[in-house]
Each structure stands twice: as C-alpha cells, then as structure tokens.
$ cat start-v9.cif   # mmCIF, N, CA and C atoms
data_target
loop_
_atom_site.label_atom_id
_atom_site.label_comp_id
_atom_site.auth_asym_id
_atom_site.auth_seq_id
_atom_site.Cartn_x
_atom_site.Cartn_y
_atom_site.Cartn_z
N MET X 1 6.16 40.59 16.07
CA MET X 1 7.23 41.30 15.41
C MET X 1 7.97 42.15 16.44
N ASP X 2 9.28 42.03 16.45
CA ASP X 2 10.11 42.85 17.33
C ASP X 2 10.32 44.20 16.65
N ILE X 3 9.55 45.18 17.07
CA ILE X 3 9.59 46.50 16.44
C ILE X 3 10.95 47.14 16.61
N SER X 4 11.60 46.95 17.76
CA SER X 4 12.91 47.57 17.98
C SER X 4 13.92 47.07 16.94
N ALA X 5 13.85 45.80 16.59
CA ALA X 5 14.75 45.26 15.57
C ALA X 5 14.39 45.80 14.20
N ALA X 6 13.11 45.94 13.93
CA ALA X 6 12.67 46.45 12.64
C ALA X 6 13.07 47.90 12.43
N PHE X 7 13.24 48.64 13.53
CA PHE X 7 13.57 50.06 13.44
C PHE X 7 15.06 50.33 13.64
N THR X 8 15.87 49.30 13.68
CA THR X 8 17.31 49.47 13.85
C THR X 8 17.96 49.48 12.47
N PRO X 9 18.61 50.59 12.10
CA PRO X 9 19.19 50.66 10.76
C PRO X 9 20.43 49.78 10.61
N VAL X 10 20.71 49.39 9.37
CA VAL X 10 21.95 48.69 9.08
C VAL X 10 23.09 49.68 9.26
N SER X 11 24.30 49.18 9.43
CA SER X 11 25.42 50.08 9.71
C SER X 11 25.82 50.91 8.50
N THR X 12 25.79 50.32 7.32
CA THR X 12 26.11 51.07 6.09
C THR X 12 25.32 50.48 4.93
N ARG X 13 25.27 51.25 3.87
CA ARG X 13 24.72 50.74 2.61
C ARG X 13 25.42 51.45 1.47
N PRO X 14 25.54 50.77 0.33
CA PRO X 14 26.23 51.37 -0.81
C PRO X 14 25.33 52.33 -1.59
N LEU X 15 25.94 53.38 -2.08
CA LEU X 15 25.27 54.31 -3.00
C LEU X 15 26.11 54.38 -4.26
N LYS X 16 25.57 53.90 -5.37
CA LYS X 16 26.25 54.01 -6.65
C LYS X 16 26.00 55.41 -7.20
N ILE X 17 27.07 56.15 -7.40
CA ILE X 17 26.93 57.50 -7.95
C ILE X 17 26.65 57.37 -9.45
N LEU X 18 25.58 58.01 -9.89
CA LEU X 18 25.13 57.90 -11.27
C LEU X 18 25.52 59.13 -12.08
N HIS X 19 25.72 58.92 -13.37
CA HIS X 19 25.98 60.04 -14.28
C HIS X 19 24.68 60.83 -14.40
N PRO X 20 24.73 62.15 -14.25
CA PRO X 20 23.48 62.93 -14.25
C PRO X 20 22.75 62.95 -15.58
N GLY X 21 23.47 62.72 -16.66
CA GLY X 21 22.82 62.77 -17.97
C GLY X 21 22.25 61.45 -18.43
N THR X 22 22.85 60.35 -17.94
CA THR X 22 22.44 59.03 -18.44
C THR X 22 21.87 58.11 -17.36
N ASP X 23 22.03 58.48 -16.11
CA ASP X 23 21.65 57.64 -14.96
C ASP X 23 22.40 56.31 -14.94
N GLU X 24 23.50 56.24 -15.66
CA GLU X 24 24.35 55.04 -15.64
C GLU X 24 25.33 55.15 -14.47
N PRO X 25 25.65 54.02 -13.83
CA PRO X 25 26.65 54.05 -12.75
C PRO X 25 28.00 54.56 -13.27
N THR X 26 28.63 55.43 -12.48
CA THR X 26 29.92 55.99 -12.87
C THR X 26 31.09 55.09 -12.47
N GLY X 27 30.84 54.17 -11.55
CA GLY X 27 31.90 53.33 -11.01
C GLY X 27 32.29 53.75 -9.60
N LEU X 28 31.88 54.95 -9.18
CA LEU X 28 32.14 55.38 -7.81
C LEU X 28 30.99 54.90 -6.92
N VAL X 29 31.35 54.17 -5.87
CA VAL X 29 30.36 53.69 -4.90
C VAL X 29 30.75 54.23 -3.53
N LEU X 30 29.82 54.95 -2.90
CA LEU X 30 30.03 55.46 -1.54
C LEU X 30 29.31 54.53 -0.58
N ASN X 31 30.00 54.11 0.46
CA ASN X 31 29.36 53.31 1.52
C ASN X 31 28.95 54.28 2.61
N LEU X 32 27.63 54.45 2.76
CA LEU X 32 27.08 55.48 3.64
C LEU X 32 26.59 54.92 4.97
N ARG X 33 26.87 55.68 6.02
CA ARG X 33 26.28 55.44 7.33
C ARG X 33 24.93 56.17 7.36
N PRO X 34 23.97 55.69 8.14
CA PRO X 34 22.71 56.43 8.27
C PRO X 34 22.90 57.69 9.12
N LEU X 35 21.98 58.61 9.00
CA LEU X 35 22.05 59.85 9.79
C LEU X 35 21.94 59.59 11.29
N THR X 36 21.47 58.41 11.67
CA THR X 36 21.34 58.06 13.08
C THR X 36 22.60 57.43 13.65
N ASP X 37 23.62 57.24 12.84
CA ASP X 37 24.88 56.66 13.30
C ASP X 37 25.53 57.56 14.35
N ARG X 38 26.19 56.94 15.32
CA ARG X 38 26.82 57.67 16.42
C ARG X 38 27.80 58.74 15.93
N LYS X 39 28.65 58.39 14.95
CA LYS X 39 29.64 59.34 14.44
C LYS X 39 28.95 60.53 13.77
N VAL X 40 27.91 60.26 13.01
CA VAL X 40 27.18 61.32 12.32
C VAL X 40 26.46 62.22 13.33
N LYS X 41 25.85 61.60 14.33
CA LYS X 41 25.16 62.39 15.35
C LYS X 41 26.13 63.29 16.11
N LYS X 42 27.36 62.82 16.33
CA LYS X 42 28.36 63.66 17.00
C LYS X 42 28.66 64.91 16.18
N VAL X 43 28.82 64.75 14.89
CA VAL X 43 29.07 65.90 14.02
C VAL X 43 27.88 66.85 14.06
N LYS X 44 26.66 66.31 14.00
CA LYS X 44 25.47 67.15 14.06
C LYS X 44 25.40 67.90 15.39
N HIS X 45 25.70 67.21 16.49
CA HIS X 45 25.68 67.85 17.80
C HIS X 45 26.75 68.93 17.91
N ASP X 46 27.94 68.67 17.38
CA ASP X 46 29.01 69.67 17.41
C ASP X 46 28.59 70.94 16.67
N ILE X 47 27.96 70.76 15.52
CA ILE X 47 27.49 71.91 14.74
C ILE X 47 26.44 72.69 15.54
N GLN X 48 25.48 71.99 16.10
CA GLN X 48 24.42 72.65 16.87
C GLN X 48 24.98 73.32 18.12
N ASN X 49 25.91 72.67 18.80
CA ASN X 49 26.50 73.26 20.01
C ASN X 49 27.27 74.53 19.70
N LYS X 50 28.00 74.56 18.58
CA LYS X 50 28.71 75.78 18.19
C LYS X 50 27.73 76.91 17.92
N ARG X 51 26.63 76.58 17.26
CA ARG X 51 25.63 77.60 16.96
C ARG X 51 25.00 78.12 18.25
N LEU X 52 24.69 77.23 19.17
CA LEU X 52 24.08 77.65 20.44
C LEU X 52 25.06 78.45 21.30
N ALA X 53 26.32 78.07 21.29
CA ALA X 53 27.32 78.76 22.10
C ALA X 53 27.62 80.15 21.58
N SER X 54 27.40 80.39 20.30
CA SER X 54 27.73 81.69 19.72
C SER X 54 26.72 82.77 20.10
N ARG X 55 25.59 82.36 20.59
CA ARG X 55 24.49 83.27 20.96
C ARG X 55 23.94 84.04 19.76
N LYS X 56 24.44 83.71 18.59
CA LYS X 56 23.89 84.28 17.36
C LYS X 56 23.08 83.17 16.71
N PHE X 57 21.84 83.41 16.55
CA PHE X 57 21.01 82.39 15.95
C PHE X 57 20.77 82.70 14.47
N LYS X 58 21.62 83.57 13.94
CA LYS X 58 21.54 83.88 12.51
C LYS X 58 22.49 82.94 11.79
N VAL X 59 21.97 82.32 10.76
CA VAL X 59 22.76 81.39 9.98
C VAL X 59 22.63 81.77 8.51
N THR X 60 23.76 81.83 7.83
CA THR X 60 23.73 82.16 6.41
C THR X 60 23.53 80.88 5.60
N SER X 61 23.14 81.05 4.37
CA SER X 61 22.96 79.88 3.51
C SER X 61 24.30 79.18 3.27
N GLU X 62 25.39 79.94 3.23
CA GLU X 62 26.72 79.33 3.07
C GLU X 62 27.06 78.46 4.28
N GLN X 63 26.71 78.94 5.47
CA GLN X 63 26.96 78.15 6.68
C GLN X 63 26.14 76.87 6.67
N LEU X 64 24.89 76.97 6.27
CA LEU X 64 24.04 75.77 6.20
C LEU X 64 24.60 74.77 5.19
N GLU X 65 25.05 75.28 4.06
CA GLU X 65 25.63 74.40 3.03
C GLU X 65 26.89 73.71 3.57
N ASN X 66 27.74 74.46 4.27
CA ASN X 66 28.96 73.88 4.85
C ASN X 66 28.63 72.86 5.94
N GLN X 67 27.62 73.14 6.73
CA GLN X 67 27.21 72.21 7.78
C GLN X 67 26.67 70.91 7.18
N THR X 68 25.90 71.04 6.12
CA THR X 68 25.39 69.85 5.43
C THR X 68 26.54 69.04 4.86
N LEU X 69 27.53 69.71 4.29
CA LEU X 69 28.71 69.02 3.76
C LEU X 69 29.42 68.25 4.87
N GLU X 70 29.58 68.85 6.04
CA GLU X 70 30.25 68.17 7.16
C GLU X 70 29.48 66.91 7.58
N ILE X 71 28.16 67.01 7.59
CA ILE X 71 27.33 65.85 7.94
C ILE X 71 27.47 64.76 6.88
N HIS X 72 27.45 65.16 5.63
CA HIS X 72 27.60 64.18 4.55
C HIS X 72 28.97 63.50 4.61
N ILE X 73 30.00 64.25 4.90
CA ILE X 73 31.35 63.67 5.03
C ILE X 73 31.35 62.62 6.13
N ALA X 74 30.71 62.92 7.25
CA ALA X 74 30.64 61.97 8.36
C ALA X 74 29.87 60.71 7.97
N CYS X 75 28.96 60.83 7.04
CA CYS X 75 28.16 59.68 6.61
C CYS X 75 28.93 58.72 5.71
N VAL X 76 29.99 59.18 5.07
CA VAL X 76 30.74 58.32 4.15
C VAL X 76 31.75 57.50 4.95
N GLU X 77 31.50 56.21 5.03
CA GLU X 77 32.40 55.31 5.76
C GLU X 77 33.59 54.88 4.91
N SER X 78 33.35 54.69 3.61
CA SER X 78 34.40 54.27 2.69
C SER X 78 33.90 54.48 1.28
N TRP X 79 34.77 54.22 0.30
CA TRP X 79 34.34 54.27 -1.08
C TRP X 79 35.10 53.28 -1.93
N GLU X 80 34.56 53.04 -3.11
CA GLU X 80 35.17 52.14 -4.08
C GLU X 80 35.21 52.85 -5.42
N TRP X 81 36.34 52.72 -6.12
CA TRP X 81 36.47 53.24 -7.47
C TRP X 81 36.53 52.02 -8.39
N ASN X 82 35.44 51.70 -9.05
CA ASN X 82 35.36 50.51 -9.88
C ASN X 82 35.64 50.83 -11.34
N GLY X 83 36.16 49.84 -12.06
CA GLY X 83 36.43 50.02 -13.49
C GLY X 83 37.42 51.14 -13.72
N ASP X 84 37.13 51.98 -14.71
CA ASP X 84 38.04 53.07 -15.02
C ASP X 84 37.62 54.39 -14.35
N SER X 85 36.74 54.31 -13.36
CA SER X 85 36.28 55.53 -12.68
C SER X 85 37.46 56.19 -11.95
N ASN X 86 37.46 57.51 -11.97
CA ASN X 86 38.51 58.28 -11.29
C ASN X 86 38.01 59.70 -11.07
N TRP X 87 38.78 60.47 -10.35
CA TRP X 87 38.44 61.88 -10.08
C TRP X 87 39.68 62.70 -10.45
N GLY X 88 39.55 63.47 -11.50
CA GLY X 88 40.70 64.26 -11.94
C GLY X 88 41.87 63.40 -12.40
N GLY X 89 41.56 62.22 -12.93
CA GLY X 89 42.59 61.33 -13.43
C GLY X 89 43.17 60.38 -12.39
N LYS X 90 42.65 60.43 -11.14
CA LYS X 90 43.18 59.57 -10.08
C LYS X 90 42.07 58.83 -9.36
N LYS X 91 42.39 57.64 -8.92
CA LYS X 91 41.50 56.92 -8.00
C LYS X 91 41.92 57.40 -6.60
N LEU X 92 41.18 58.34 -6.09
CA LEU X 92 41.57 59.01 -4.85
C LEU X 92 41.57 58.07 -3.65
N ASP X 93 42.58 58.24 -2.79
CA ASP X 93 42.60 57.52 -1.52
C ASP X 93 41.45 58.03 -0.67
N PHE X 94 41.02 57.19 0.27
CA PHE X 94 39.91 57.58 1.14
C PHE X 94 40.48 58.39 2.31
N THR X 95 40.45 59.72 2.15
CA THR X 95 40.85 60.64 3.21
C THR X 95 39.73 61.67 3.36
N GLU X 96 39.67 62.33 4.50
CA GLU X 96 38.64 63.34 4.71
C GLU X 96 38.75 64.45 3.66
N GLU X 97 39.97 64.84 3.35
CA GLU X 97 40.18 65.90 2.35
C GLU X 97 39.63 65.48 0.98
N ASN X 98 39.90 64.23 0.58
CA ASN X 98 39.40 63.76 -0.71
C ASN X 98 37.89 63.59 -0.71
N VAL X 99 37.33 63.11 0.40
CA VAL X 99 35.88 62.99 0.50
C VAL X 99 35.25 64.38 0.39
N ARG X 100 35.86 65.36 1.05
CA ARG X 100 35.36 66.74 0.98
C ARG X 100 35.37 67.24 -0.47
N GLU X 101 36.45 66.95 -1.18
CA GLU X 101 36.56 67.39 -2.58
C GLU X 101 35.45 66.78 -3.43
N VAL X 102 35.25 65.48 -3.32
CA VAL X 102 34.24 64.80 -4.13
C VAL X 102 32.83 65.25 -3.74
N LEU X 103 32.56 65.34 -2.43
CA LEU X 103 31.21 65.73 -1.99
C LEU X 103 30.93 67.21 -2.20
N SER X 104 31.96 68.00 -2.47
CA SER X 104 31.75 69.42 -2.77
C SER X 104 31.14 69.62 -4.15
N ASN X 105 31.16 68.57 -4.96
CA ASN X 105 30.51 68.63 -6.26
C ASN X 105 29.01 68.49 -6.04
N PRO X 106 28.22 69.46 -6.52
CA PRO X 106 26.78 69.42 -6.24
C PRO X 106 26.05 68.20 -6.80
N ILE X 107 26.54 67.63 -7.88
CA ILE X 107 25.87 66.44 -8.45
C ILE X 107 26.04 65.26 -7.50
N VAL X 108 27.23 65.11 -6.94
CA VAL X 108 27.48 64.03 -5.98
C VAL X 108 26.72 64.30 -4.69
N SER X 109 26.82 65.53 -4.18
CA SER X 109 26.19 65.84 -2.89
C SER X 109 24.67 65.71 -2.97
N ASP X 110 24.07 66.05 -4.10
CA ASP X 110 22.63 65.90 -4.25
C ASP X 110 22.22 64.42 -4.18
N GLN X 111 23.03 63.55 -4.79
CA GLN X 111 22.72 62.12 -4.74
C GLN X 111 22.87 61.58 -3.32
N VAL X 112 23.90 62.05 -2.60
CA VAL X 112 24.09 61.62 -1.22
C VAL X 112 22.92 62.10 -0.37
N ASP X 113 22.54 63.36 -0.53
CA ASP X 113 21.45 63.92 0.25
C ASP X 113 20.15 63.15 0.01
N SER X 114 19.88 62.85 -1.23
CA SER X 114 18.68 62.10 -1.59
C SER X 114 18.69 60.71 -0.96
N ASP X 115 19.83 60.05 -1.04
CA ASP X 115 19.93 58.69 -0.51
C ASP X 115 19.79 58.68 1.02
N LEU X 116 20.39 59.65 1.69
CA LEU X 116 20.31 59.70 3.15
C LEU X 116 18.88 59.97 3.61
N GLY X 117 18.10 60.65 2.78
CA GLY X 117 16.70 60.92 3.12
C GLY X 117 15.80 59.70 3.03
N ASP X 118 16.28 58.64 2.39
CA ASP X 118 15.51 57.41 2.25
C ASP X 118 15.80 56.52 3.46
N ILE X 119 15.15 56.81 4.57
CA ILE X 119 15.39 56.08 5.82
C ILE X 119 15.08 54.60 5.67
N ALA X 120 14.02 54.29 4.94
CA ALA X 120 13.63 52.89 4.79
C ALA X 120 14.73 52.06 4.15
N GLY X 121 15.54 52.69 3.31
CA GLY X 121 16.63 51.97 2.67
C GLY X 121 17.72 51.52 3.64
N PHE X 122 17.76 52.12 4.81
CA PHE X 122 18.74 51.74 5.82
C PHE X 122 18.21 50.68 6.80
N LEU X 123 16.95 50.30 6.63
CA LEU X 123 16.35 49.32 7.54
C LEU X 123 16.36 47.95 6.90
N GLU X 124 16.53 46.92 7.74
CA GLU X 124 16.46 45.54 7.26
C GLU X 124 15.02 45.26 6.85
N ASN X 125 14.86 44.51 5.79
CA ASN X 125 13.49 44.16 5.35
C ASN X 125 13.01 42.91 6.05
#
$ encode --input "start-v9.cif" --output "structure tokens"
Amino acid sequence: MDISAAFTPVSTRPLKILHPGTDEPTGLVLNLRPLTDRKVKKVKHDIQNKRLASRKFKVTSEQLENQTLEIHIACVESWEWNGDSNWGGKKLDFTEENVREVLSNPIVSDQVDSDLGDIAGFLEN
C-alpha cells in the first residue's frame, strides 16, 4: 500500500447544508477544500503571523471567532443553490462577501466546522 497516496486528501468535497430542525437538505451545497489545502494554509499562516508580529499573545473570543470564519471562507471553493434554495430571497453569487454572509450564520458555520473536522472524509477510500 502506498501510504503517501492514502494520506493525500481529495481537492474538494461537497457538504449539503441541512435544516437544523429536520436534518433535510436545504438545497445549498458547499464545495469544501480540506484544511491542508495550500490556500487554506496561507490564510492560517497569515493569521498566526499577524498574532506573532503584534507581540501580544492575548486573543479575545471574538478574534478567535473571526479567525475561524476567515479559515472557513478559505475552505469554500464554490457553492450550488439547488431547487428553490436561496438566501434572503436570492440565489447569491459566489463572492467572498456573500460567502462571509452565509458562513456568519452559526447554523451553517457549525456544519462547516464539523465537516472540516472529519479528515477521513477528505481521503480517497
């Protein structure tokens, strides 16, 4: 078995956003990059470098939440609005601002966070 191949994540995988009350798919599908993706690692490094450069190692919970949001935004490669799914009456274009708006919702961000934590799901079987 080539272990290096077994440990190489796929480039993206879909996450169907579920309704919190029914666990039914909402029609919104996020295509996520793994946390090990080059673009995501750059965002993580930028955040860490800013913290190290500030010489203040105190971080507020709001800062941590914002940093997590930035990492999650970097993980979203694209999205699909299926069926009659929409956000505020619109099928939003895929822009960083729109991704930020959708991921700022705690129900969506919790699902993204949970999915990104499932490393095995990003590996080929």
$ closest_residue --input "start-v9.cif" --among "X:Val76, X:Leu15, X:Leu28, X:Met1" --to "Ser114 of chain X" --atoms "only C-alpha atoms"
X:Leu15
$ resolve_selection --input "start-v9.cif" --expression "the PyMOL selection byres ((chain X and resi 106-110) around 8)" --output "list of chain:residue names"
X:Ile17, X:Leu18, X:Pro20, X:Leu69, X:His72, X:Val102, X:Leu103, X:Ser104, X:Asn105, X:Gln111, X:Val112, X:Asp113, X:Ser114, X:Asp115, X:Leu116
$ atom_distance --input "start-v9.cif" --atom1 "atom C of Lys58 of chain X" --atom2 "atom C of Asp46 of chain X"
14.3 Å
$ resolve_selection --input "start-v9.cif" --expression "the PyMOL selection byres (((chain X and resi 122 and name CA) around 9) and name CA)" --output "NGL selection string"
:X and (8-13 or 33-34 or 116 or 118-121 or 123-124)
$ closest_residue --input "start-v9.cif" --among "X:Gln67, X:Glu96, X:Cys75, X:Glu101" --to "Leu35 of chain X" --atoms "only N, CA and C atoms"
X:Cys75
$ atom_distance --input "start-v9.cif" --atom1 "atom CA of Lys50 of chain X" --atom2 "atom CA of Ile73 of chain X"
18.1 Å
$ atom_distance --input "start-v9.cif" --atom1 "atom CA of Glu65 of chain X" --atom2 "atom CA of Thr95 of chain X"
20.5 Å
$ resolve_selection --input "start-v9.cif" --expression "the PyMOL selection byres ((chain X and resi 83) around 8)" --output "PyMOL selection string"
chain X and resi 26-28+80-82+84-86
$ select_by_dssp --input "start-v9.cif" --residues "chain X" --states "helix (DSSP H, G or I)" --output "ChimeraX atom specification"
/X:3-6,38-53,61-75,96-103,106-116,119-122
$ residues_around --input "start-v9.cif" --residues "Glu70 of chain X" --least-positions-apart "5" --cutoff "8 Å" --atoms "only N, CA and C atoms" --output "JSON, numbers by chain"
{"X": [40, 43, 44, 64, 65, 75, 100]}
$ decode --input "start-v9.cif" --residues "segment 26-93 of chain X" --atoms "C-alpha atoms" --output "CSV table (one decimal), in the first residue's frame"
chain,number,residue,atom,x,y,z
X,26,THR,CA,-31.8,22.7,2.3
X,27,GLY,CA,-30.5,22.8,-1.3
X,28,LEU,CA,-27.3,24.7,-0.5
X,29,VAL,CA,-24.2,22.7,-1.2
X,30,LEU,CA,-20.8,24.0,-0.3
X,31,ASN,CA,-17.8,22.5,-2.0
X,32,LEU,CA,-15.1,22.5,0.6
X,33,ARG,CA,-11.3,22.4,0.4
X,34,PRO,CA,-9.6,20.4,3.2
X,35,LEU,CA,-7.8,22.3,6.0
X,36,THR,CA,-4.5,21.1,4.5
X,37,ASP,CA,-5.1,22.9,1.2
X,38,ARG,CA,-2.5,25.4,0.2
X,39,LYS,CA,-4.9,28.4,0.0
X,40,VAL,CA,-6.3,27.5,3.5
X,41,LYS,CA,-2.9,27.1,5.0
X,42,LYS,CA,-1.9,30.5,3.7
X,43,VAL,CA,-4.9,32.1,5.5
X,44,LYS,CA,-4.0,30.2,8.7
X,45,HIS,CA,-0.3,31.3,8.4
X,46,ASP,CA,-1.3,34.9,7.8
X,47,ILE,CA,-3.5,34.9,10.9
X,48,GLN,CA,-0.7,33.3,13.0
X,49,ASN,CA,1.9,35.7,11.6
X,50,LYS,CA,-0.2,38.8,12.5
X,51,ARG,CA,-0.6,37.4,16.0
X,52,LEU,CA,3.1,36.8,16.4
X,53,ALA,CA,4.1,40.2,14.9
X,54,SER,CA,1.8,42.0,17.3
X,55,ARG,CA,3.8,40.8,20.3
X,56,LYS,CA,0.5,40.5,22.1
X,57,PHE,CA,-0.3,36.9,22.7
X,58,LYS,CA,-3.7,37.8,24.2
X,59,VAL,CA,-6.6,36.8,22.0
X,60,THR,CA,-10.2,37.5,22.6
X,61,SER,CA,-13.0,35.1,21.8
X,62,GLU,CA,-14.3,37.5,19.2
X,63,GLN,CA,-10.9,37.4,17.5
X,64,LEU,CA,-10.9,33.6,17.5
X,65,GLU,CA,-14.4,33.5,16.1
X,66,ASN,CA,-13.4,35.9,13.3
X,67,GLN,CA,-10.2,33.9,12.6
X,68,THR,CA,-12.2,30.7,12.3
X,69,LEU,CA,-14.6,32.5,9.9
X,70,GLU,CA,-11.7,33.5,7.7
X,71,ILE,CA,-10.4,29.9,7.6
X,72,HIS,CA,-13.9,28.6,6.8
X,73,ILE,CA,-14.2,31.2,4.0
X,74,ALA,CA,-10.9,30.0,2.5
X,75,CYS,CA,-12.2,26.4,2.6
X,76,VAL,CA,-15.2,27.2,0.4
X,77,GLU,CA,-14.2,26.7,-3.2
X,78,SER,CA,-17.7,27.1,-4.7
X,79,TRP,CA,-21.3,26.5,-3.9
X,80,GLU,CA,-24.6,25.4,-5.5
X,81,TRP,CA,-28.1,26.6,-4.9
X,82,ASN,CA,-30.3,23.7,-5.8
X,83,GLY,CA,-34.1,23.7,-6.2
X,84,ASP,CA,-35.8,26.7,-4.6
X,85,SER,CA,-33.0,27.3,-2.1
X,86,ASN,CA,-32.0,30.9,-1.6
X,87,TRP,CA,-30.6,33.3,1.0
X,88,GLY,CA,-32.8,36.3,1.7
X,89,GLY,CA,-34.8,35.6,-1.4
X,90,LYS,CA,-31.8,35.4,-3.7
X,91,LYS,CA,-29.5,32.7,-5.1
X,92,LEU,CA,-26.3,34.5,-4.1
X,93,ASP,CA,-23.4,34.8,-6.5
